[in-house]
$ cat final.cif   # mmCIF, C-alpha atoms
data_entry
#
loop_
_atom_site.label_atom_id
_atom_site.label_comp_id
_atom_site.auth_asym_id
_atom_site.auth_seq_id
_atom_site.Cartn_x
_atom_site.Cartn_y
_atom_site.Cartn_z
CA MET A 8 147.41 60.03 -108.33
CA LYS A 9 149.89 59.49 -105.48
CA ASN A 10 148.90 58.66 -101.91
CA ILE A 11 150.53 60.69 -99.15
CA PHE A 12 150.29 60.06 -95.40
CA LEU A 13 151.00 62.81 -92.87
CA ILE A 14 151.93 61.97 -89.28
CA GLY A 15 152.66 64.61 -86.69
CA ASP A 16 151.57 66.84 -83.87
CA SER A 17 149.46 70.00 -83.82
CA ILE A 18 151.91 71.81 -86.10
CA ARG A 19 151.10 69.17 -88.72
CA LEU A 20 147.40 69.60 -88.01
CA GLY A 21 147.90 73.33 -88.60
CA TYR A 22 149.51 73.03 -92.04
CA GLU A 23 147.65 69.96 -93.29
CA ALA A 24 144.84 71.86 -95.06
CA THR A 25 147.38 73.85 -97.05
CA VAL A 26 149.23 70.68 -98.06
CA ILE A 27 145.96 69.10 -99.25
CA ARG A 28 145.10 72.20 -101.26
CA GLU A 29 148.59 72.54 -102.74
CA LEU A 30 148.70 68.90 -103.87
CA GLU A 31 145.11 68.73 -105.10
CA GLY A 32 144.82 66.94 -108.42
CA ASN A 33 148.15 65.17 -108.02
CA CYS A 34 148.01 63.54 -104.59
CA LYS A 35 145.46 62.19 -102.19
CA VAL A 36 146.48 63.13 -98.66
CA PHE A 37 145.76 60.80 -95.73
CA SER A 38 146.71 61.51 -92.15
CA SER A 39 146.42 60.26 -88.62
CA PRO A 40 143.09 61.48 -87.24
CA ASP A 41 144.75 61.94 -83.87
CA ASN A 42 147.49 64.34 -82.86
CA ALA A 43 150.60 62.15 -82.90
CA ARG A 44 151.74 63.87 -79.66
CA PHE A 45 155.07 62.32 -78.62
CA THR A 46 157.17 59.45 -79.94
CA THR A 47 155.99 56.87 -77.39
CA TYR A 48 152.40 57.73 -78.21
CA THR A 49 153.05 57.50 -81.95
CA MET A 50 154.72 54.11 -81.44
CA ARG A 51 151.68 52.87 -79.61
CA TYR A 52 149.12 54.06 -82.15
CA VAL A 53 150.71 54.35 -85.58
CA HIS A 54 149.50 50.91 -86.65
CA GLU A 55 145.93 51.91 -85.83
CA TRP A 56 146.21 55.17 -87.73
CA MET A 57 147.61 53.54 -90.86
CA LYS A 58 145.79 50.22 -90.92
CA ASP A 59 143.08 51.30 -93.34
CA ALA A 60 145.25 53.42 -95.60
CA PRO A 61 145.70 52.30 -99.21
CA SER A 62 149.15 51.77 -100.69
CA ILE A 63 151.08 54.86 -99.65
CA ASP A 64 153.71 56.46 -101.87
CA LEU A 65 155.17 58.90 -99.37
CA VAL A 66 155.00 59.39 -95.59
CA HIS A 67 155.81 62.82 -94.19
CA TRP A 68 156.37 62.45 -90.46
CA ASN A 69 157.36 64.50 -87.44
CA ASN A 70 157.66 64.03 -83.70
CA GLY A 71 159.58 66.23 -81.31
CA LEU A 72 157.87 69.19 -79.66
CA TRP A 73 155.93 67.11 -77.14
CA ASP A 74 158.93 64.90 -76.39
CA SER A 75 161.02 67.93 -75.52
CA CYS A 76 158.40 69.64 -73.41
CA HIS A 77 159.01 70.11 -69.68
CA TRP A 78 155.34 69.88 -68.82
CA ASN A 79 154.17 71.90 -65.88
CA GLY A 80 157.70 73.11 -65.18
CA ASP A 81 159.08 69.57 -64.85
CA PRO A 82 162.85 69.31 -64.49
CA ILE A 83 162.94 66.61 -67.18
CA SER A 84 161.51 66.53 -70.67
CA LEU A 85 158.57 64.23 -71.33
CA VAL A 86 160.81 61.80 -73.23
CA SER A 87 164.56 61.64 -72.69
CA LEU A 88 166.87 62.27 -75.64
CA ASP A 89 168.08 58.65 -75.55
CA SER A 90 164.55 57.30 -75.71
CA TYR A 91 163.59 59.86 -78.35
CA VAL A 92 166.31 58.50 -80.62
CA GLN A 93 165.37 54.87 -79.97
CA ASN A 94 161.70 55.66 -80.52
CA LEU A 95 162.41 57.37 -83.85
CA LEU A 96 164.19 54.26 -85.04
CA ARG A 97 161.29 52.08 -84.02
CA ILE A 98 158.67 54.35 -85.62
CA TYR A 99 160.76 54.40 -88.77
CA GLY A 100 160.73 50.60 -88.75
CA TYR A 101 156.98 50.50 -88.24
CA ILE A 102 156.33 52.92 -91.10
CA ARG A 103 158.70 51.00 -93.35
CA ARG A 104 156.85 47.78 -92.53
CA LEU A 105 153.39 49.32 -92.90
CA CYS A 106 154.24 51.15 -96.14
CA PRO A 107 156.94 49.07 -97.80
CA ASN A 108 156.82 51.06 -101.04
CA ALA A 109 156.71 54.52 -99.53
CA LYS A 110 159.35 57.16 -99.41
CA ILE A 111 159.72 58.45 -95.87
CA ILE A 112 160.45 62.09 -95.08
CA PHE A 113 161.18 63.22 -91.54
CA ALA A 114 160.33 66.84 -90.76
CA LEU A 115 162.45 68.65 -88.20
CA SER A 116 160.64 70.17 -85.23
CA THR A 117 159.93 73.86 -85.51
CA PRO A 118 161.41 76.25 -82.94
CA VAL A 119 159.42 77.95 -80.21
CA ASP A 120 159.45 81.56 -79.14
CA ALA A 121 162.33 82.17 -76.72
CA GLN A 122 159.75 83.02 -74.07
CA HIS A 123 158.21 79.56 -74.13
CA PRO A 124 158.23 78.48 -70.50
CA ARG A 125 158.51 74.73 -71.05
CA ILE A 126 160.31 74.11 -74.35
CA LEU A 127 163.89 75.18 -74.96
CA ASN A 128 165.19 75.78 -78.48
CA ARG A 129 168.61 74.43 -77.59
CA GLU A 130 166.97 71.11 -76.64
CA LEU A 131 164.92 71.12 -79.83
CA ASP A 132 168.11 71.76 -81.81
CA ALA A 133 169.77 68.82 -80.04
CA MET A 134 166.78 66.59 -80.83
CA ASN A 135 166.71 67.66 -84.48
CA LYS A 136 170.44 67.01 -84.76
CA ALA A 137 170.02 63.60 -83.14
CA ALA A 138 167.09 62.81 -85.44
CA VAL A 139 169.11 63.60 -88.55
CA LYS A 140 172.07 61.57 -87.29
CA THR A 141 169.83 58.62 -86.41
CA LEU A 142 167.65 58.56 -89.50
CA ASP A 143 170.23 59.58 -92.10
CA GLY A 144 170.57 56.76 -94.60
CA LEU A 145 167.25 55.27 -93.50
CA VAL A 146 164.68 57.86 -94.48
CA ASP A 147 164.59 59.23 -98.00
CA GLY A 148 164.96 62.80 -96.89
CA PHE A 149 164.45 65.48 -94.27
CA ASP A 150 162.16 68.47 -94.39
CA ASP A 151 163.88 71.28 -92.54
CA LEU A 152 160.82 73.09 -91.23
CA SER A 153 162.94 74.32 -88.34
CA SER A 154 165.00 76.61 -90.57
CA ILE A 155 161.90 78.06 -92.22
CA VAL A 156 160.45 79.17 -88.89
CA LYS A 157 163.84 80.27 -87.55
CA ALA A 158 164.15 82.57 -90.55
CA ASN A 159 160.64 83.86 -89.93
CA PRO A 160 160.17 84.14 -86.17
CA GLY A 161 157.04 86.22 -86.77
CA PHE A 162 155.34 82.96 -87.81
CA ILE A 163 155.22 81.91 -84.13
CA ARG A 164 152.09 82.96 -82.30
CA THR A 165 152.82 85.34 -79.46
CA THR A 166 149.91 83.93 -77.48
CA ASP A 167 151.26 80.42 -76.82
CA HIS A 168 154.86 80.74 -78.11
CA VAL A 169 154.71 77.43 -80.02
CA HIS A 170 151.94 77.26 -82.59
CA LEU A 171 152.01 79.28 -85.79
CA THR A 172 149.99 82.14 -87.17
CA ASP A 173 147.69 81.57 -90.13
CA ILE A 174 150.41 82.94 -92.39
CA GLY A 175 152.97 80.68 -90.73
CA TYR A 176 150.89 77.57 -91.34
CA GLU A 177 150.20 78.65 -94.90
CA GLU A 178 153.90 79.05 -95.63
CA LEU A 179 154.84 75.84 -93.83
CA GLY A 180 152.13 73.96 -95.72
CA LYS A 181 153.47 75.24 -99.03
CA ALA A 182 156.98 74.18 -98.02
CA VAL A 183 155.78 70.70 -97.05
CA ALA A 184 153.93 70.34 -100.35
CA GLN A 185 157.05 71.44 -102.22
CA CYS A 186 159.15 68.91 -100.31
CA ILE A 187 156.65 66.15 -101.10
CA ARG A 188 156.63 67.03 -104.80
CA LYS A 189 160.42 66.92 -104.85
CA PHE A 190 160.53 63.36 -103.51
CA LEU A 191 157.72 61.90 -105.60
CA MET B 21 135.59 61.66 -44.82
CA LYS B 22 138.95 61.14 -46.52
CA LYS B 23 139.39 61.46 -50.25
CA VAL B 24 141.04 58.77 -52.34
CA PHE B 25 142.22 59.29 -55.93
CA PHE B 26 142.91 56.42 -58.34
CA LEU B 27 145.43 56.58 -61.17
CA GLY B 28 146.26 53.66 -63.40
CA ASP B 29 145.53 51.48 -66.38
CA SER B 30 142.60 49.24 -67.28
CA ILE B 31 143.25 46.91 -64.36
CA ARG B 32 142.58 49.90 -62.09
CA LEU B 33 139.51 50.87 -64.10
CA HIS B 34 138.06 47.45 -63.32
CA TYR B 35 138.56 47.40 -59.55
CA GLN B 36 138.04 51.05 -58.60
CA GLU B 37 134.26 50.87 -58.29
CA LEU B 38 134.45 47.63 -56.32
CA VAL B 39 136.74 49.38 -53.86
CA GLN B 40 134.43 52.36 -53.73
CA GLU B 41 131.55 50.05 -52.84
CA GLN B 42 133.57 48.24 -50.18
CA LEU B 43 134.67 51.49 -48.50
CA LYS B 44 131.65 53.67 -49.29
CA ASP B 45 131.14 54.64 -45.65
CA ARG B 46 134.79 55.30 -45.01
CA ALA B 47 136.07 57.42 -47.90
CA GLN B 48 135.13 59.42 -50.97
CA PHE B 49 136.54 58.16 -54.24
CA PHE B 50 137.72 60.01 -57.32
CA TRP B 51 139.63 58.80 -60.34
CA SER B 52 141.15 59.75 -63.62
CA PRO B 53 138.48 59.23 -66.28
CA ASP B 54 141.17 58.23 -68.75
CA ASN B 55 143.23 55.07 -68.79
CA GLY B 56 146.69 55.96 -67.44
CA ARG B 57 148.22 53.81 -70.23
CA PHE B 58 152.02 54.11 -69.95
CA THR B 59 154.25 56.23 -67.72
CA SER B 60 154.94 59.04 -70.16
CA TYR B 61 151.23 59.27 -70.96
CA THR B 62 150.47 59.62 -67.26
CA MET B 63 153.23 62.25 -66.98
CA ARG B 64 151.62 64.24 -69.76
CA TYR B 65 148.08 64.24 -68.42
CA LEU B 66 148.49 63.98 -64.67
CA ASP B 67 147.98 67.69 -64.07
CA GLN B 68 144.61 67.59 -65.84
CA TRP B 69 143.47 64.53 -63.89
CA ALA B 70 144.76 65.84 -60.58
CA ALA B 71 142.61 68.94 -60.97
CA LEU B 72 139.62 66.69 -60.23
CA CYS B 73 140.72 66.20 -56.63
CA PRO B 74 143.85 68.15 -55.67
CA ASP B 75 143.11 67.77 -51.96
CA ALA B 76 143.15 63.96 -52.03
CA ASP B 77 144.37 62.30 -48.83
CA ILE B 78 145.44 59.12 -50.60
CA VAL B 79 146.59 58.52 -54.18
CA HIS B 80 146.55 54.91 -55.33
CA TRP B 81 148.61 54.67 -58.51
CA ASN B 82 149.83 52.12 -61.03
CA ASN B 83 151.74 52.14 -64.31
CA GLY B 84 153.42 49.15 -65.83
CA HIS B 85 151.55 46.88 -68.21
CA TRP B 86 151.66 49.19 -71.20
CA ASP B 87 155.28 50.13 -70.58
CA ALA B 88 156.29 46.45 -70.61
CA ASP B 89 154.45 45.55 -73.81
CA HIS B 90 156.62 44.33 -76.70
CA MET B 91 154.13 45.42 -79.30
CA TYR B 92 154.21 43.74 -82.68
CA GLY B 93 156.87 41.33 -81.49
CA ASP B 94 159.40 44.12 -80.96
CA GLU B 95 162.65 43.34 -79.23
CA ASP B 96 162.09 46.35 -76.95
CA SER B 97 159.13 47.12 -74.74
CA LEU B 98 157.08 50.26 -75.40
CA VAL B 99 159.01 52.10 -72.69
CA SER B 100 162.55 50.95 -72.00
CA PHE B 101 163.48 49.76 -68.51
CA ASP B 102 165.72 52.81 -67.97
CA GLU B 103 162.99 55.17 -69.13
CA TYR B 104 160.42 53.39 -66.97
CA LYS B 105 162.58 53.95 -63.88
CA ARG B 106 163.17 57.58 -64.86
CA ASN B 107 159.46 58.14 -65.33
CA LEU B 108 158.41 56.45 -62.09
CA SER B 109 160.93 58.51 -60.19
CA HIS B 110 159.61 61.67 -61.78
CA LEU B 111 155.97 60.74 -61.30
CA GLU B 112 156.46 60.19 -57.58
CA GLY B 113 157.64 63.78 -57.17
CA TYR B 114 155.00 65.05 -59.55
CA ILE B 115 152.20 63.33 -57.64
CA ARG B 116 153.51 64.85 -54.41
CA LYS B 117 153.50 68.27 -56.04
CA LEU B 118 149.96 67.97 -57.40
CA PHE B 119 148.48 66.23 -54.35
CA PRO B 120 150.45 67.93 -51.58
CA LYS B 121 148.68 66.31 -48.63
CA ALA B 122 148.35 62.80 -50.03
CA ARG B 123 149.92 59.55 -48.93
CA ILE B 124 150.92 57.66 -52.06
CA ILE B 125 150.30 53.97 -52.65
CA PHE B 126 151.92 52.34 -55.68
CA ALA B 127 150.35 49.11 -56.89
CA LEU B 128 152.73 46.58 -58.38
CA THR B 129 151.90 45.41 -61.88
CA THR B 130 149.91 42.20 -61.99
CA PRO B 131 151.33 39.19 -63.84
CA VAL B 132 150.11 38.06 -67.23
CA ASP B 133 149.32 34.55 -68.33
CA ASP B 134 152.57 32.71 -69.01
CA GLY B 135 151.49 32.33 -72.63
CA HIS B 136 151.17 36.08 -73.24
CA PRO B 137 152.91 36.76 -76.56
CA ARG B 138 154.15 40.29 -75.82
CA VAL B 139 154.39 40.81 -72.08
CA PHE B 140 156.73 38.69 -69.97
CA ASN B 141 156.45 38.05 -66.27
CA SER B 142 160.23 38.08 -65.90
CA GLU B 143 160.18 41.71 -67.01
CA ILE B 144 157.16 42.60 -64.89
CA GLU B 145 159.01 41.17 -61.88
CA ARG B 146 162.12 43.18 -62.76
CA ASN B 147 160.04 46.35 -63.22
CA ASN B 148 158.21 45.76 -59.96
CA GLU B 149 161.46 45.27 -58.07
CA ALA B 150 162.76 48.52 -59.55
CA ALA B 151 159.57 50.33 -58.64
CA ARG B 152 159.85 49.11 -55.07
CA ALA B 153 163.51 50.12 -54.86
CA ILE B 154 162.78 53.62 -56.18
CA LEU B 155 159.54 54.38 -54.39
CA GLU B 156 159.64 52.66 -51.01
CA PRO B 157 162.59 54.69 -49.63
CA ARG B 158 160.61 57.82 -50.48
CA GLY B 159 157.74 56.82 -48.26
CA VAL B 160 155.49 55.36 -50.93
CA ILE B 161 153.47 52.38 -49.73
CA ILE B 162 153.81 49.38 -52.04
CA ASN B 163 150.62 47.43 -52.67
CA ASP B 164 151.64 44.00 -53.88
CA LEU B 165 148.89 43.21 -56.36
CA TYR B 166 151.40 41.08 -58.24
CA SER B 167 151.38 38.44 -55.51
CA VAL B 168 147.60 38.44 -55.27
CA ILE B 169 147.36 37.25 -58.86
CA LYS B 170 150.60 35.25 -58.95
CA SER B 171 149.21 32.90 -56.35
CA ASN B 172 145.92 32.66 -58.25
CA MET B 173 146.85 32.62 -61.92
CA GLN B 174 143.44 31.14 -62.74
CA TYR B 175 142.08 34.68 -62.14
CA ILE B 176 143.60 35.80 -65.45
CA GLY B 177 141.09 35.91 -68.30
CA PRO B 178 141.25 34.81 -71.92
CA ASP B 179 143.15 37.87 -73.17
CA LYS B 180 146.01 36.79 -70.86
CA THR B 181 146.19 40.25 -69.18
CA HIS B 182 142.86 41.22 -67.70
CA MET B 183 141.12 39.39 -64.88
CA LEU B 184 137.99 37.38 -64.54
CA ASP B 185 135.43 38.78 -62.09
CA GLU B 186 136.85 36.83 -59.16
CA GLY B 187 140.29 38.27 -59.96
CA TYR B 188 139.01 41.82 -59.78
CA GLN B 189 137.20 40.97 -56.55
CA ALA B 190 140.47 39.72 -55.07
CA LEU B 191 142.35 42.80 -56.25
CA ALA B 192 139.66 45.12 -54.91
CA LYS B 193 139.81 43.40 -51.52
CA GLN B 194 143.57 43.91 -51.35
CA VAL B 195 143.30 47.53 -52.50
CA SER B 196 140.54 48.25 -49.99
CA ARG B 197 142.61 46.69 -47.19
CA THR B 198 145.63 48.83 -48.10
CA ILE B 199 143.62 52.03 -48.29
CA GLU B 200 141.69 51.24 -45.13
CA ALA B 201 144.91 51.05 -43.17
CA LEU B 202 145.43 54.73 -43.94
CA LEU B 203 141.93 55.94 -43.11
#
$ encode --input "final.cif" --output "structure tokens"
Amino acid sequence: MKNIFLIGDSIRLGYEATVIRELEGNCKVFSSPDNARFTTYTMRYVHEWMKDAPSIDLVHWNNGLWDSCHWNGDPISLVSLDSYVQNLLRIYGYIRRLCPNAKIIFALSTPVDAQHPRILNRELDAMNKAAVKTLDGLVDGFDDLSSIVKANPGFIRTTDHVHLTDIGYEELGKAVAQCIRKFL
Amino acid sequence: MKKVFFLGDSIRLHYQELVQEQLKDRAQFFWSPDNGRFTSYTMRYLDQWAALCPDADIVHWNNGHWDADHMYGDEDSLVSFDEYKRNLSHLEGYIRKLFPKARIIFALTTPVDDGHPRVFNSEIERNNEAARAILEPRGVIINDLYSVIKSNMQYIGPDKTHMLDEGYQALAKQVSRTIEALL
């Protein structure tokens, strides 16, 4: 039985149940009890979330949507692109130190509906590109959840323009489970 | 009676009720129920906290200790110096937007014990100077809580960050004096 640890925001919380179900019998899935929110927040709390976990074989991790959000119509995103990149490197280092034997997969942030008032897909694309450039050669792989949702825009809820429908989370969860299986 | 709103970290959480007691006949006090933690955390939640008292006349605000923390012996602090300045600059405008009639007071970050393993007074001083340079020209009143403790380092408690009771009393006195000048 392999031990998996999921870290991420509310999108992760949305697909987690499907991942657990899909991997049942082969993997035990652990996760941060808290929404990982944005990179600075994850940096601050990741040690607390992982301190009681057993030896982990694979960490599937995402941060991005909160970092890129222009809360309340702010002119700037919550975390600048430069700091986002630096924070990813530091979180990677923390995870590596906390789980020295684990494979680490970084999941790209999913797109929002074009009508989202505070998150811009072109900024998310820039962050995903920067994440891949920064973490390439460090992490064991990337999970391109962005492309899955881009190819299926109907997965995005029309009510809040960011979270996914039940079907969207189901499909994303299956994709995450498939990615995890591939790297184990 | 004027309304005062407190934002800030655990240092603020410790002196706010002392200030309320000292000025109970002069002002009404409100505060964020949550610890303001670091600047980006305050940016994220400020709108929810501000909804508790949008018509505040005075906002007394601090961010700094968490930002400056080199957690786990990291070379970098939780929030980089450049990002800290960016966030302070943004927060000043954001506070003005959410509390349109308020005068803003920014409290400088208090020093830590010189033996603190992760927070360094040289960086707190640099951050405080930057905060002053960014905020003072915009009409923000600077409340120098740093000096209150720097001249009385024995006020710092065993965790090397938080104060003993007499330290919080001294901070509350200084905060009350600064607020009182605006009442």
$ resolve_selection --input "final.cif" --expression "the PyMOL selection byres ((chain B) within 8 of (chain A))" --output "PDB file with C-alpha atoms, in the coordinates of the input"
ATOM      1  CA  SER B  60     154.940  59.040 -70.160  1.00  0.00           C
ATOM      2  CA  TYR B  61     151.230  59.270 -70.960  1.00  0.00           C
ATOM      3  CA  MET B  63     153.230  62.250 -66.980  1.00  0.00           C
ATOM      4  CA  ARG B  64     151.620  64.240 -69.760  1.00  0.00           C
ATOM      5  CA  ASP B  67     147.980  67.690 -64.070  1.00  0.00           C
ATOM      6  CA  MET B  91     154.130  45.420 -79.300  1.00  0.00           C
ATOM      7  CA  LEU B  98     157.080  50.260 -75.400  1.00  0.00           C
ATOM      8  CA  VAL B  99     159.010  52.100 -72.690  1.00  0.00           C
ATOM      9  CA  SER B 100     162.550  50.950 -72.000  1.00  0.00           C
ATOM     10  CA  GLU B 103     162.990  55.170 -69.130  1.00  0.00           C
TER      11      GLU B 103
END
$ residues_around --input "final.cif" --residues "A:Glu29" --least-positions-apart "5" --cutoff "10 Å" --atoms "only C-alpha atoms" --output "PDB file with C-alpha atoms, in the coordinates of the input"
ATOM      1  CA  GLU A  23     147.650  69.960 -93.290  1.00  0.00           C
ATOM      2  CA  ALA A  24     144.840  71.860 -95.060  1.00  0.00           C
ATOM      3  CA  CYS A  34     148.010  63.540-104.590  1.00  0.00           C
ATOM      4  CA  GLY A 180     152.130  73.960 -95.720  1.00  0.00           C
ATOM      5  CA  LYS A 181     153.470  75.240 -99.030  1.00  0.00           C
ATOM      6  CA  ALA A 182     156.980  74.180 -98.020  1.00  0.00           C
ATOM      7  CA  VAL A 183     155.780  70.700 -97.050  1.00  0.00           C
ATOM      8  CA  ALA A 184     153.930  70.340-100.350  1.00  0.00           C
ATOM      9  CA  GLN A 185     157.050  71.440-102.220  1.00  0.00           C
ATOM     10  CA  ARG A 188     156.630  67.030-104.800  1.00  0.00           C
TER      11      ARG A 188
END
$ resolve_selection --input "final.cif" --expression "the PyMOL selection byres ((chain A and resi 114) around 6)" --output "PDB file with C-alpha atoms, keeping the file's coordinate frame"
ATOM      1  CA  TRP A  68     156.370  62.450 -90.460  1.00  0.00           C
ATOM      2  CA  ASN A  69     157.360  64.500 -87.440  1.00  0.00           C
ATOM      3  CA  PHE A 113     161.180  63.220 -91.540  1.00  0.00           C
ATOM      4  CA  LEU A 115     162.450  68.650 -88.200  1.00  0.00           C
ATOM      5  CA  PHE A 149     164.450  65.480 -94.270  1.00  0.00           C
ATOM      6  CA  ASP A 150     162.160  68.470 -94.390  1.00  0.00           C
ATOM      7  CA  ASP A 151     163.880  71.280 -92.540  1.00  0.00           C
TER       8      ASP A 151
END
$ residues_around --input "final.cif" --residues "stretch 168-178 of chain B" --least-positions-apart "2" --cutoff "9 Å" --atoms "only C-alpha atoms" --output "VMD selection string"
chain B and resid 130 to 133 164 to 166 180 to 188 190 to 191 194
$ atom_distance --input "final.cif" --atom1 "atom CA of A:Thr172" --atom2 "atom CA of A:Ile14"
20.4 Å
$ resolve_selection --input "final.cif" --expression "the PyMOL selection byres ((chain B and resi 199) around 9)" --output "PyMOL selection string"
chain B and resi 24+43+78+80+125+194-198+200-203
$ residues_around --input "final.cif" --residues "stretch 118-123 of chain A" --least-positions-apart "3" --cutoff "10 Å" --atoms "only C-alpha atoms" --output "count of residues only"
28
$ atom_distance --input "final.cif" --atom1 "atom CA of B:Gln48" --atom2 "atom CA of B:Lys121"
15.4 Å
$ residues_around --input "final.cif" --residues "A:Asp147" --least-positions-apart "3" --cutoff "12 Å" --atoms "only C-alpha atoms" --output "ChimeraX atom specification"
/A:64-68,99,103,108-114,139,142-144,150,186-187,189-191
$ axis_aligned_box --input "final.cif" --around "stretch 189-202 of chain B" --padding-each-side "6 Å" --output "lines of an AutoDock Vina configuration file"
center_x = 141.4
center_y = 47.2
center_z = -49.9
size_x = 20.4
size_y = 27.0
size_z = 25.4
$ residues_around --input "final.cif" --residues "stretch 122-124 of chain B" --least-positions-apart "2" --cutoff "6 Å" --atoms "all atoms listed in the file" --output "PyMOL selection string"
chain B and resi 76-79+119-120+160
$ atom_distance --input "final.cif" --atom1 "atom CA of A:Tyr176" --atom2 "atom CA of A:Ser116"
13.7 Å
$ closest_residue --input "final.cif" --among "A:Arg104, A:Arg125, A:Lys9, A:Lys140" --to "A:Phe37" --atoms "only C-alpha atoms"
A:Lys9
